[in-house]
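Trainee: The file below is upload.txt, compact mmCIF, C-alpha atoms and all ligand atoms:
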# COMPACT_ATOMS: atom_id res chain seq x y z
CA MET A 68 0.00 0.00 0.00
CA VAL A 69 1.39 3.39 -0.98
CA ALA A 70 1.43 6.14 1.66
CA ALA A 71 -0.26 9.50 1.03
CA GLY A 72 1.84 12.33 -0.45
CA SER A 73 3.02 14.05 2.69
CA GLU A 74 4.10 10.80 4.35
CA LEU A 75 6.10 9.52 1.40
CA GLY A 76 9.15 11.76 1.71
CA PHE A 77 11.76 11.16 -0.95
CA GLY A 78 13.43 7.89 -1.96
CA LYS A 79 12.72 5.75 1.08
CA VAL A 80 10.30 3.22 -0.44
CA PHE A 81 11.09 1.06 -3.49
CA THR A 82 8.80 -0.95 -5.74
CA ASP A 83 8.79 -4.74 -6.25
CA ARG A 84 10.72 -4.97 -9.50
CA MET A 85 13.83 -3.55 -11.18
CA LEU A 86 15.35 -3.46 -14.66
CA PHE A 87 18.79 -5.02 -15.08
CA ALA A 88 21.26 -5.48 -17.96
CA GLU A 89 24.94 -6.42 -18.11
CA TRP A 90 27.59 -5.17 -20.55
CA ARG A 91 30.83 -7.01 -21.30
CA GLU A 92 33.65 -5.56 -23.31
CA GLU A 93 33.92 -8.69 -25.48
CA SER A 94 30.20 -9.10 -26.24
CA GLY A 95 28.42 -5.77 -25.58
CA TRP A 96 25.00 -5.57 -23.94
CA GLY A 97 23.26 -8.78 -22.87
CA VAL A 98 19.49 -9.17 -22.81
CA ALA A 99 17.80 -6.75 -20.37
CA ARG A 100 15.46 -8.30 -17.84
CA ILE A 101 12.90 -7.14 -15.32
CA GLN A 102 13.48 -8.99 -12.08
CA PRO A 103 12.37 -8.79 -8.45
CA TYR A 104 13.94 -5.85 -6.58
CA GLN A 105 16.90 -7.47 -4.85
CA PRO A 106 20.36 -6.80 -3.41
CA PHE A 107 23.42 -7.29 -5.65
CA SER A 108 26.44 -9.43 -5.04
CA ILE A 109 29.53 -7.51 -6.20
CA ASP A 110 33.13 -8.56 -5.59
CA PRO A 111 34.76 -6.38 -2.87
CA ALA A 112 37.38 -5.47 -5.51
CA GLY A 113 34.60 -4.18 -7.83
CA MET A 114 35.89 -1.02 -9.47
CA VAL A 115 32.85 1.07 -8.56
CA PHE A 116 33.72 0.80 -4.86
CA HIS A 117 37.27 2.04 -5.27
CA TYR A 118 37.32 4.50 -8.12
CA GLY A 119 33.69 5.52 -8.32
CA GLN A 120 33.13 4.65 -11.98
CA ALA A 121 29.37 5.17 -11.84
CA ILE A 122 26.67 7.50 -13.12
CA PHE A 123 22.96 7.91 -12.51
CA GLU A 124 19.86 9.72 -13.70
CA GLY A 125 16.57 10.87 -12.23
CA LEU A 126 13.21 11.17 -13.99
CA LYS A 127 9.58 10.81 -13.01
CA ALA A 128 6.35 9.04 -14.02
CA TYR A 129 2.90 10.50 -13.28
CA ARG A 130 -0.44 8.68 -13.06
CA TRP A 131 -3.19 10.86 -14.49
CA GLN A 132 -6.79 11.02 -13.35
CA ASP A 133 -7.87 9.20 -16.54
CA GLY A 134 -5.53 6.31 -15.66
CA ARG A 135 -2.84 7.11 -18.22
CA VAL A 136 0.79 7.05 -17.11
CA ALA A 137 3.18 9.70 -18.47
CA LEU A 138 6.98 9.95 -18.38
CA PHE A 139 8.41 13.46 -18.57
CA ARG A 140 11.07 13.92 -21.30
CA PRO A 141 12.74 10.48 -20.89
CA ASP A 142 14.63 10.97 -24.18
CA MET A 143 16.49 13.91 -22.59
CA ASN A 144 17.52 11.72 -19.65
CA ALA A 145 18.69 8.99 -22.04
CA ARG A 146 20.90 11.48 -23.87
CA ARG A 147 22.30 13.04 -20.71
CA PHE A 148 22.93 9.55 -19.28
CA ASN A 149 25.11 8.73 -22.27
CA GLN A 150 26.95 12.05 -22.03
CA SER A 151 27.74 11.22 -18.41
CA ALA A 152 28.70 7.67 -19.47
CA ASP A 153 31.12 9.03 -22.04
CA ARG A 154 32.78 11.30 -19.43
CA LEU A 155 33.23 8.35 -17.03
CA CYS A 156 34.34 5.90 -19.80
CA LEU A 157 31.28 3.72 -19.28
CA PRO A 158 29.57 2.03 -22.26
CA PRO A 159 26.66 3.94 -23.81
CA VAL A 160 23.24 2.47 -23.05
CA PRO A 161 21.18 2.28 -26.27
CA GLU A 162 18.46 4.96 -26.07
CA GLU A 163 15.84 2.31 -26.84
CA LEU A 164 16.99 0.11 -23.97
CA PHE A 165 16.90 3.11 -21.64
CA VAL A 166 13.51 4.52 -22.65
CA GLU A 167 11.64 1.31 -23.54
CA GLY A 168 13.10 -0.58 -20.57
CA ILE A 169 11.90 2.15 -18.21
CA ALA A 170 8.49 2.35 -19.91
CA ARG A 171 7.99 -1.43 -19.56
CA LEU A 172 9.11 -1.42 -15.91
CA VAL A 173 6.87 1.53 -15.03
CA GLU A 174 3.93 -0.13 -16.78
CA LEU A 175 4.37 -3.25 -14.65
CA GLU A 176 4.67 -1.15 -11.49
CA ARG A 177 1.89 1.33 -12.32
CA GLU A 178 -0.06 0.55 -9.13
CA TRP A 179 2.86 1.97 -7.15
CA ILE A 180 2.49 5.41 -8.70
CA PRO A 181 0.99 7.74 -6.09
CA THR A 182 -1.70 10.16 -7.24
CA ALA A 183 -1.89 12.78 -4.46
CA PRO A 184 -0.86 16.29 -5.58
CA GLY A 185 2.91 16.72 -5.49
CA THR A 186 3.64 13.00 -5.70
CA SER A 187 5.05 10.85 -8.52
CA LEU A 188 7.12 7.76 -9.21
CA TYR A 189 10.81 8.65 -9.17
CA ILE A 190 12.92 6.60 -11.58
CA ARG A 191 16.60 6.07 -10.79
CA PRO A 192 18.76 4.53 -13.58
CA VAL A 193 22.36 3.67 -12.63
CA LEU A 194 25.37 2.49 -14.67
CA MET A 195 28.56 1.27 -12.96
CA GLY A 196 31.78 -0.64 -13.52
CA VAL A 197 31.73 -3.94 -11.58
CA GLU A 198 34.88 -5.68 -12.82
CA ALA A 199 36.99 -6.91 -9.89
CA ALA A 200 40.41 -5.30 -10.38
CA LEU A 201 42.56 -2.63 -8.72
CA GLY A 202 44.22 -1.09 -11.78
CA ILE A 203 42.92 2.35 -12.75
CA ARG A 204 41.23 1.90 -16.12
CA PRO A 205 37.66 1.55 -17.41
CA ALA A 206 35.93 -1.62 -16.21
CA ASP A 207 35.36 -4.37 -18.79
CA ARG A 208 32.11 -5.42 -17.11
CA CYS A 209 29.34 -2.96 -16.27
CA TRP A 210 25.81 -3.09 -14.93
CA PHE A 211 22.87 -0.92 -15.89
CA TYR A 212 19.86 -1.04 -13.61
CA VAL A 213 16.75 0.98 -12.82
CA VAL A 214 14.85 1.15 -9.54
CA LEU A 215 11.60 2.99 -8.81
CA SER A 216 10.47 4.91 -5.75
CA PRO A 217 7.09 6.52 -5.07
CA VAL A 218 7.92 10.00 -3.81
CA GLY A 219 6.49 13.19 -2.39
CA ALA A 220 8.43 16.45 -2.13
CA TYR A 221 12.24 16.31 -2.06
CA TYR A 222 12.47 19.02 0.59
CA ARG A 223 10.83 18.44 3.94
CA ASN A 224 8.44 21.38 3.72
CA GLY A 225 7.24 20.72 0.16
CA PHE A 226 6.60 23.77 -2.03
CA ALA A 227 7.79 26.29 0.57
CA PRO A 228 10.74 28.70 0.62
CA THR A 229 14.11 27.13 1.41
CA SER A 230 17.29 28.86 2.54
CA ILE A 231 20.63 28.66 0.80
CA ARG A 232 24.15 29.36 1.98
CA VAL A 233 26.57 30.61 -0.68
CA GLU A 234 29.77 28.54 -0.30
CA ASP A 235 32.95 30.54 -0.81
CA ARG A 236 35.62 28.04 0.26
CA TYR A 237 34.84 24.58 -1.07
CA VAL A 238 34.00 24.10 -4.76
CA ARG A 239 31.77 21.56 -6.44
CA ALA A 240 33.33 21.45 -9.89
CA VAL A 241 35.43 23.16 -12.53
CA ALA A 242 34.95 23.27 -16.30
CA GLY A 243 36.76 20.25 -17.70
CA GLY A 244 36.02 18.22 -14.56
CA THR A 245 32.95 16.07 -13.96
CA GLY A 246 30.51 18.82 -12.92
CA GLU A 247 28.29 18.37 -15.95
CA ALA A 248 28.17 14.57 -15.53
CA LYS A 249 25.68 12.99 -13.16
CA THR A 250 28.21 11.04 -11.14
CA GLY A 251 28.23 10.25 -7.44
CA ALA A 252 31.59 11.94 -6.82
CA ASN A 253 30.00 15.37 -7.39
CA TYR A 254 27.52 14.63 -4.63
CA ALA A 255 30.04 13.03 -2.22
CA SER A 256 32.28 16.08 -2.48
CA SER A 257 29.33 18.35 -1.70
CA LEU A 258 28.58 16.79 1.69
CA ARG A 259 31.11 18.76 3.77
CA ALA A 260 29.75 22.14 2.68
CA GLY A 261 26.21 20.79 3.07
CA LEU A 262 26.86 19.98 6.73
CA LYS A 263 28.40 23.41 7.27
CA ALA A 264 25.31 25.05 5.78
CA LYS A 265 23.02 22.97 8.03
CA GLU A 266 25.02 23.92 11.13
CA GLN A 267 24.45 27.56 10.21
CA GLY A 268 20.71 27.06 9.76
CA PHE A 269 20.53 26.83 5.95
CA ASP A 270 18.92 24.06 3.94
CA GLN A 271 21.32 23.89 1.03
CA VAL A 272 24.52 25.16 -0.59
CA LEU A 273 24.86 27.45 -3.58
CA TRP A 274 28.12 26.68 -5.34
CA LEU A 275 30.23 29.36 -6.97
CA ASP A 276 32.56 28.74 -9.91
CA GLY A 277 35.68 26.76 -9.07
CA LYS A 278 38.18 29.27 -10.46
CA GLU A 279 37.32 32.74 -9.16
CA HIS A 280 34.63 31.88 -6.57
CA ARG A 281 32.58 34.74 -8.02
CA TYR A 282 29.97 33.33 -10.37
CA VAL A 283 26.87 31.33 -9.46
CA ASP A 284 27.11 27.69 -10.57
CA GLU A 285 24.29 25.54 -9.13
CA VAL A 286 22.95 24.03 -5.91
CA GLY A 287 23.77 20.34 -6.54
CA SER A 288 20.20 19.11 -6.32
CA MET A 289 18.98 22.09 -8.39
CA ASN A 290 19.90 24.71 -11.00
CA MET A 291 19.24 28.25 -9.74
CA PHE A 292 17.06 30.99 -11.24
CA PHE A 293 16.63 34.61 -10.16
CA ALA A 294 13.68 36.76 -11.25
CA TYR A 295 14.13 40.43 -12.02
CA GLY A 296 10.43 41.21 -12.29
CA ASP A 297 9.31 39.38 -15.43
CA THR A 298 12.82 38.38 -16.51
CA ILE A 299 14.27 35.14 -15.19
CA VAL A 300 18.02 34.58 -15.23
CA THR A 301 20.07 31.41 -14.82
CA ALA A 302 23.77 30.59 -15.16
CA PRO A 303 24.90 29.37 -18.59
CA LEU A 304 25.98 25.76 -19.12
CA SER A 305 29.66 26.39 -18.48
CA GLY A 306 30.85 22.78 -18.49
CA ALA A 307 30.88 22.74 -14.67
CA ILE A 308 27.15 22.57 -14.03
CA LEU A 309 24.52 19.98 -14.79
CA ALA A 310 22.37 20.59 -17.87
CA GLY A 311 19.13 20.25 -15.91
CA ILE A 312 16.10 18.95 -17.79
CA THR A 313 13.80 20.98 -15.52
CA ARG A 314 16.11 23.96 -16.14
CA ASP A 315 15.66 23.53 -19.89
CA SER A 316 11.89 23.06 -19.48
CA VAL A 317 11.55 26.20 -17.33
CA LEU A 318 13.46 28.28 -19.89
CA SER A 319 11.03 27.15 -22.64
CA LEU A 320 7.97 27.45 -20.45
CA ALA A 321 8.85 30.94 -19.23
CA ARG A 322 9.22 32.19 -22.83
CA GLU A 323 5.93 30.50 -23.76
CA LEU A 324 4.23 32.31 -20.85
CA GLY A 325 5.57 35.69 -21.99
CA TYR A 326 8.49 36.12 -19.59
CA ARG A 327 12.03 36.90 -20.71
CA ALA A 328 14.48 34.09 -19.94
CA GLU A 329 18.23 34.70 -19.97
CA GLU A 330 21.25 32.45 -19.57
CA ARG A 331 24.16 34.61 -18.46
CA PRO A 332 26.96 34.65 -15.89
CA ILE A 333 25.66 35.80 -12.48
CA GLU A 334 28.32 37.57 -10.39
CA VAL A 335 27.63 36.99 -6.71
CA GLY A 336 28.39 40.56 -5.52
CA GLU A 337 26.04 42.05 -8.10
CA LEU A 338 23.43 39.44 -7.32
CA LEU A 339 23.43 40.22 -3.60
CA ALA A 340 23.29 43.97 -4.30
CA ASP A 341 20.37 43.36 -6.67
CA ILE A 342 18.57 41.30 -4.03
CA GLU A 343 19.14 43.93 -1.34
CA ALA A 344 17.96 46.72 -3.65
CA GLY A 345 14.80 44.76 -4.51
CA ARG A 346 15.76 44.38 -8.18
CA VAL A 347 15.79 40.60 -7.73
CA THR A 348 12.23 39.85 -6.78
CA GLU A 349 12.29 36.04 -6.58
CA ALA A 350 14.70 33.13 -6.48
CA PHE A 351 13.98 29.48 -7.14
CA GLY A 352 15.75 26.22 -7.93
CA THR A 353 14.80 23.62 -10.52
CA GLY A 354 15.44 19.87 -10.64
CA THR A 355 13.65 16.60 -11.25
CA ALA A 356 13.50 15.81 -7.54
CA ALA A 357 13.13 19.42 -6.42
CA VAL A 358 10.68 20.35 -9.25
CA ILE A 359 10.58 24.15 -8.70
CA THR A 360 11.59 25.10 -5.18
CA PRO A 361 11.29 28.71 -3.99
CA VAL A 362 14.29 30.20 -2.19
CA GLY A 363 13.41 32.68 0.56
CA ARG A 364 16.83 33.71 1.84
CA LEU A 365 20.48 33.59 0.92
CA GLY A 366 23.43 33.50 3.31
CA TYR A 367 26.84 34.84 2.22
CA ARG A 368 29.71 35.09 4.70
CA GLU A 369 28.24 36.93 7.70
CA ARG A 370 25.10 38.17 5.97
CA THR A 371 21.66 36.67 5.55
CA ILE A 372 19.59 38.35 2.90
CA PRO A 373 15.87 37.77 2.31
CA VAL A 374 14.79 37.48 -1.32
CA GLY A 375 11.71 39.58 -2.10
CA ASP A 376 9.36 39.16 0.85
CA GLY A 377 10.85 35.74 1.65
CA GLY A 378 7.73 33.95 0.43
CA VAL A 379 6.71 32.26 -2.83
CA GLY A 380 6.88 34.76 -5.71
CA ARG A 381 4.33 35.26 -8.47
CA VAL A 382 6.58 34.04 -11.31
CA THR A 383 7.76 31.03 -9.30
CA GLN A 384 4.17 30.07 -8.49
CA ARG A 385 3.03 30.40 -12.13
CA LEU A 386 5.93 28.36 -13.48
CA TYR A 387 5.36 25.70 -10.79
CA ASP A 388 1.62 25.48 -11.51
CA THR A 389 2.17 25.25 -15.27
CA LEU A 390 4.99 22.71 -15.13
CA THR A 391 3.28 20.43 -12.61
CA GLY A 392 0.02 20.94 -14.54
CA ILE A 393 1.64 19.63 -17.74
CA GLN A 394 3.16 16.70 -15.85
CA SER A 395 -0.10 15.70 -14.20
CA GLY A 396 -2.31 16.25 -17.26
CA ALA A 397 -4.19 19.28 -15.86
CA VAL A 398 -2.57 21.66 -18.40
CA ALA A 399 -2.08 20.96 -22.15
CA ASP A 400 1.48 20.09 -23.21
CA PRO A 401 2.37 22.34 -26.16
CA PHE A 402 5.92 20.96 -26.32
CA GLY A 403 5.35 17.21 -26.78
CA TRP A 404 7.29 16.51 -23.57
CA LEU A 405 5.19 13.59 -22.37
CA ARG A 406 5.73 9.97 -23.33
CA PHE A 407 2.86 7.70 -22.38
CA VAL A 408 3.48 4.22 -21.04
CA GLY A 409 1.57 1.13 -22.23
CA LYS A 410 -1.44 1.21 -24.52
C1 LIG A 501 17.25 14.69 -9.37
O1 LIG A 501 16.73 15.81 -9.28
O2 LIG A 501 16.67 13.77 -9.94
C2 LIG A 501 18.56 14.41 -8.80
O3 LIG A 501 19.18 13.50 -9.24
C3 LIG A 501 19.04 15.18 -7.66
C4 LIG A 501 19.27 14.33 -6.46
C5 LIG A 501 19.96 15.16 -5.45
C6 LIG A 501 18.02 13.76 -5.89
Starting from the coordinates I provided, produce the structure as C-alpha cells.
Ligand code: COI

Mentor:
Amino acid sequence: MVAAGSELGFGKVFTDRMLFAEWREESGWGVARIQPYQPFSIDPAGMVFHYGQAIFEGLKAYRWQDGRVALFRPDMNARRFNQSADRLCLPPVPEELFVEGIARLVELEREWIPTAPGTSLYIRPVLMGVEAALGIRPADRCWFYVVLSPVGAYYRNGFAPTSIRVEDRYVRAVAGGTGEAKTGANYASSLRAGLKAKEQGFDQVLWLDGKEHRYVDEVGSMNMFFAYGDTIVTAPLSGAILAGITRDSVLSLARELGYRAEERPIEVGELLADIEAGRVTEAFGTGTAAVITPVGRLGYRERTIPVGDGGVGRVTQRLYDTLTGIQSGAVADPFGWLRFVGK
C-alpha cells in the first residue's frame, strides 16, 4: 500500500521490481530483464567501490486522473545519461533500452504510482563498472539497472521557501572536470559544505565557480534561477554545471508564458546587491526531484539576505503550476514533452 503524499518523503520506499542489464567488453549488452527488486552481489574489488566509476539519472512518471501514465522527457535523460557515461568511460546504453526498458518497468509497477498532488514515481537509472580489479582503467564489465520509488516532495516542507548558503571556500566542480556529468563523486564532495550550511541554519549550498569563486554555478540538487520582475536569469551551461532537464523546461515554459528568460553569468556581488535593492524579486531552484523550489533567503559570509518578501513569488508560483500541470495532465502540453506508457 502506498502512503499519502506528505508521508512519502523522498526515496525511502522502493517498488517490487527492477530493470537489469549487463555489458561485457567482449560481447556488448546482454538481454535486459525485469526482475524482483533485490540486493546485488559484487566482488569487494569491484571497481565502482574504489574508483567511483558510476553515473545515474533521475526522472519521473505521473499517473493521471484518466488512468494514463506519463513519463516526462525520458529521451532527454537517455541522452544526458550517455553524455555522463562518455565522461566516465562507461559504455553507452542504447536509447531504446533506456527509454523502452523504463516504460515497460513503469507499466508493470503502475499501481505503485501515487496520485496525491505533489507525488510521482521517481525513476533512478544507474550504470557502474563492476569488474573486480585494482588497476585504474575503465571496467570491462558494467551493470545498468533501474529502480523505482514513489515520492512526495524532495524538501521536507514541500513547495515552501528554502534557505541557501553561498559557499565561498569549497567548490563543487570546474569546467573540464565532472561537474556536468551525473556522477556520485560530485555529490560526495558536496557533503562537507552541506553539513556546514546545516550547522548555520541553511537548507542547502549554492556553489560558486571553481576558479574565481565569483559566479553562481548551481545548488547540486537544483539549478538556480533569479527573477528580475518578469525576466528570469540562470547561469549558462559552463561545463561545470549539470544541464538540468527541468532547467531547460523552465526556460522554454517561461518564454511561452511571456516572460524573458536569460542564460548569463551571475556575479555573486552584483546578485546580492540586486537582491538587497529589490531588483531581484524572486529566487527558485529547478530539478527533477526538487521540481521548482522557492528560495526565501540567501546567506553569504556573515550576511543573511531575504529574497523579495521571503515567500513564494508570483513568477515562481506560475511556473510551478504550469509545469506540474503539464506533468499531471491538468494543463495541455504544447511541447510534446510527455511519453505515455503502455497502450
Ligand atoms: C534529481 O533531481 O533527480 C537528482 O538527481 C538530484 C538528487 C539530489 C536527488

Trainee: Just give me the gap between CA of Trp90 (chain A) and CA of Val160 (chain A) in Å, one decimal is fine.

Mentor: 9.1 Å

Trainee: Which of these, A:Tyr295, A:Tyr189, A:Tyr212, A:Trp131, has the shortest distance to ligand LIG 501 (chain A) once you count only C-alpha atoms and all ligand atoms?

Mentor: A:Tyr189

Trainee: List all protein, DNA and RNA residues that have an atom no more than 7 Å from any atom of ligand LIG 501 (chain A), counting all atoms listed in the file, and report them as a list in words.

Mentor: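 With all atoms listed in the file and a cut-off of 7 Å, ligand LIG 501 (chain A) is contacted by Glu124, Gly125, Leu126, Gly287, Ser288, Met289, Gly354, Thr355, Ala356 and Ala357 of chain A.
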
Trainee: Skipping near chain neighbours, those fewer than 5 positions away, what residues fall within 12 Å of region 317-324 of chain A using all atoms listed in the file, listed as a count of residues only?

Mentor: 39

Trainee: What gap, in Å, lies between CA of Ser256 (chain A) and CA of Arg239 (chain A)?

Mentor: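 Atom-to-atom, CA of Ser256 (chain A) to CA of Arg239 (chain A), that is 6.8 Å.
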
Trainee: Would you work out the distance separating CA of Leu365 (chain A) from CA of His280 (chain A), expressed in Å to one decimal?

Mentor: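 Interatomic distance, CA of Leu365 (chain A) to CA of His280 (chain A): 16.1 Å.
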
Trainee: So which one's closest to Arg100 (chain A), A:Glu74, A:Asp376, A:Glu167, A:Asp133? Using all atoms listed in the file, please.

Mentor: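 Counting all atoms listed in the file, the residue closest to Arg100 (chain A) is A:Glu167.
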
Trainee: Please list as a PyMOL selection string every residue within 10 Å of region 260-263 of chain A, counting all atoms listed in the file and excluding residues in the same chain fewer than 4 positions away.

Mentor: chain A and resi 231-239+254+256+267-274+287

Trainee: Looking at A:Ala397, A:Ala88, A:Leu164, A:Met195, which one is nearest to Ile122 (chain A), with distances taken over only C-alpha atoms?

Mentor: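 For Ile122 (chain A), the nearest of the given residues is A:Met195.
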
Trainee: Find the residues near Gly296 (chain A): any atom within 9 Å, counting only C-alpha atoms, skip ones fewer than 5 places away on the same chain, and give them as a list of chain:residue names.

Mentor: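 So, after excluding close chain neighbours, the residues are A:Arg346, A:Val347, A:Thr348, A:Glu349, A:Val382.
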
Trainee: Considering only C-alpha atoms, can you say which of A:Arg91, A:Arg177, A:Arg327, A:Arg381 comes closest to Gly134 (chain A)?

Mentor: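 Ranked by minimum distance to Gly134 (chain A), first place goes to A:Arg177.
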
Trainee: Could region 138-150 of chain A be completed with N, CA, C and O atoms and returned as a PDB file, in the frame of the given file?

Mentor:
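Writing done, so here's part-v8.pdb:
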ATOM      1  N   LEU A 138       5.582   9.649 -18.747  1.00  0.00           N
ATOM      2  CA  LEU A 138       6.980   9.950 -18.380  1.00  0.00           C
ATOM      3  C   LEU A 138       7.271  11.352 -18.899  1.00  0.00           C
ATOM      4  O   LEU A 138       6.808  11.726 -19.979  1.00  0.00           O
ATOM      5  N   PHE A 139       8.091  12.096 -18.155  1.00  0.00           N
ATOM      6  CA  PHE A 139       8.410  13.460 -18.570  1.00  0.00           C
ATOM      7  C   PHE A 139       9.799  13.494 -19.215  1.00  0.00           C
ATOM      8  O   PHE A 139      10.797  13.230 -18.556  1.00  0.00           O
ATOM      9  N   ARG A 140       9.856  13.733 -20.506  1.00  0.00           N
ATOM     10  CA  ARG A 140      11.070  13.920 -21.300  1.00  0.00           C
ATOM     11  C   ARG A 140      12.142  12.828 -21.097  1.00  0.00           C
ATOM     12  O   ARG A 140      13.330  13.143 -20.872  1.00  0.00           O
ATOM     13  N   PRO A 141      11.747  11.547 -21.161  1.00  0.00           N
ATOM     14  CA  PRO A 141      12.740  10.480 -20.890  1.00  0.00           C
ATOM     15  C   PRO A 141      13.870  10.453 -21.920  1.00  0.00           C
ATOM     16  O   PRO A 141      14.981  10.008 -21.614  1.00  0.00           O
ATOM     17  N   ASP A 142      13.594  10.940 -23.149  1.00  0.00           N
ATOM     18  CA  ASP A 142      14.630  10.970 -24.180  1.00  0.00           C
ATOM     19  C   ASP A 142      15.783  11.892 -23.762  1.00  0.00           C
ATOM     20  O   ASP A 142      16.949  11.634 -24.056  1.00  0.00           O
ATOM     21  N   MET A 143      15.447  12.986 -23.059  1.00  0.00           N
ATOM     22  CA  MET A 143      16.490  13.910 -22.590  1.00  0.00           C
ATOM     23  C   MET A 143      17.373  13.218 -21.535  1.00  0.00           C
ATOM     24  O   MET A 143      18.587  13.396 -21.498  1.00  0.00           O
ATOM     25  N   ASN A 144      16.737  12.439 -20.659  1.00  0.00           N
ATOM     26  CA  ASN A 144      17.520  11.720 -19.650  1.00  0.00           C
ATOM     27  C   ASN A 144      18.419  10.682 -20.304  1.00  0.00           C
ATOM     28  O   ASN A 144      19.566  10.479 -19.881  1.00  0.00           O
ATOM     29  N   ALA A 145      17.890  10.016 -21.351  1.00  0.00           N
ATOM     30  CA  ALA A 145      18.690   8.990 -22.040  1.00  0.00           C
ATOM     31  C   ALA A 145      19.937   9.636 -22.640  1.00  0.00           C
ATOM     32  O   ALA A 145      21.055   9.107 -22.523  1.00  0.00           O
ATOM     33  N   ARG A 146      19.757  10.807 -23.240  1.00  0.00           N
ATOM     34  CA  ARG A 146      20.900  11.480 -23.870  1.00  0.00           C
ATOM     35  C   ARG A 146      21.905  11.967 -22.828  1.00  0.00           C
ATOM     36  O   ARG A 146      23.108  11.793 -22.972  1.00  0.00           O
ATOM     37  N   ARG A 147      21.378  12.546 -21.742  1.00  0.00           N
ATOM     38  CA  ARG A 147      22.300  13.040 -20.710  1.00  0.00           C
ATOM     39  C   ARG A 147      23.022  11.874 -20.029  1.00  0.00           C
ATOM     40  O   ARG A 147      24.199  11.975 -19.680  1.00  0.00           O
ATOM     41  N   PHE A 148      22.314  10.743 -19.883  1.00  0.00           N
ATOM     42  CA  PHE A 148      22.930   9.550 -19.280  1.00  0.00           C
ATOM     43  C   PHE A 148      24.156   9.146 -20.105  1.00  0.00           C
ATOM     44  O   PHE A 148      25.225   8.866 -19.571  1.00  0.00           O
ATOM     45  N   ASN A 149      23.989   9.162 -21.428  1.00  0.00           N
ATOM     46  CA  ASN A 149      25.110   8.730 -22.270  1.00  0.00           C
ATOM     47  C   ASN A 149      26.226   9.769 -22.346  1.00  0.00           C
ATOM     48  O   ASN A 149      27.391   9.424 -22.555  1.00  0.00           O
ATOM     49  N   GLN A 150      25.875  11.040 -22.137  1.00  0.00           N
ATOM     50  CA  GLN A 150      26.950  12.050 -22.030  1.00  0.00           C
ATOM     51  C   GLN A 150      27.748  11.824 -20.757  1.00  0.00           C
ATOM     52  O   GLN A 150      28.979  11.890 -20.748  1.00  0.00           O
TER      53      GLN A 150
END
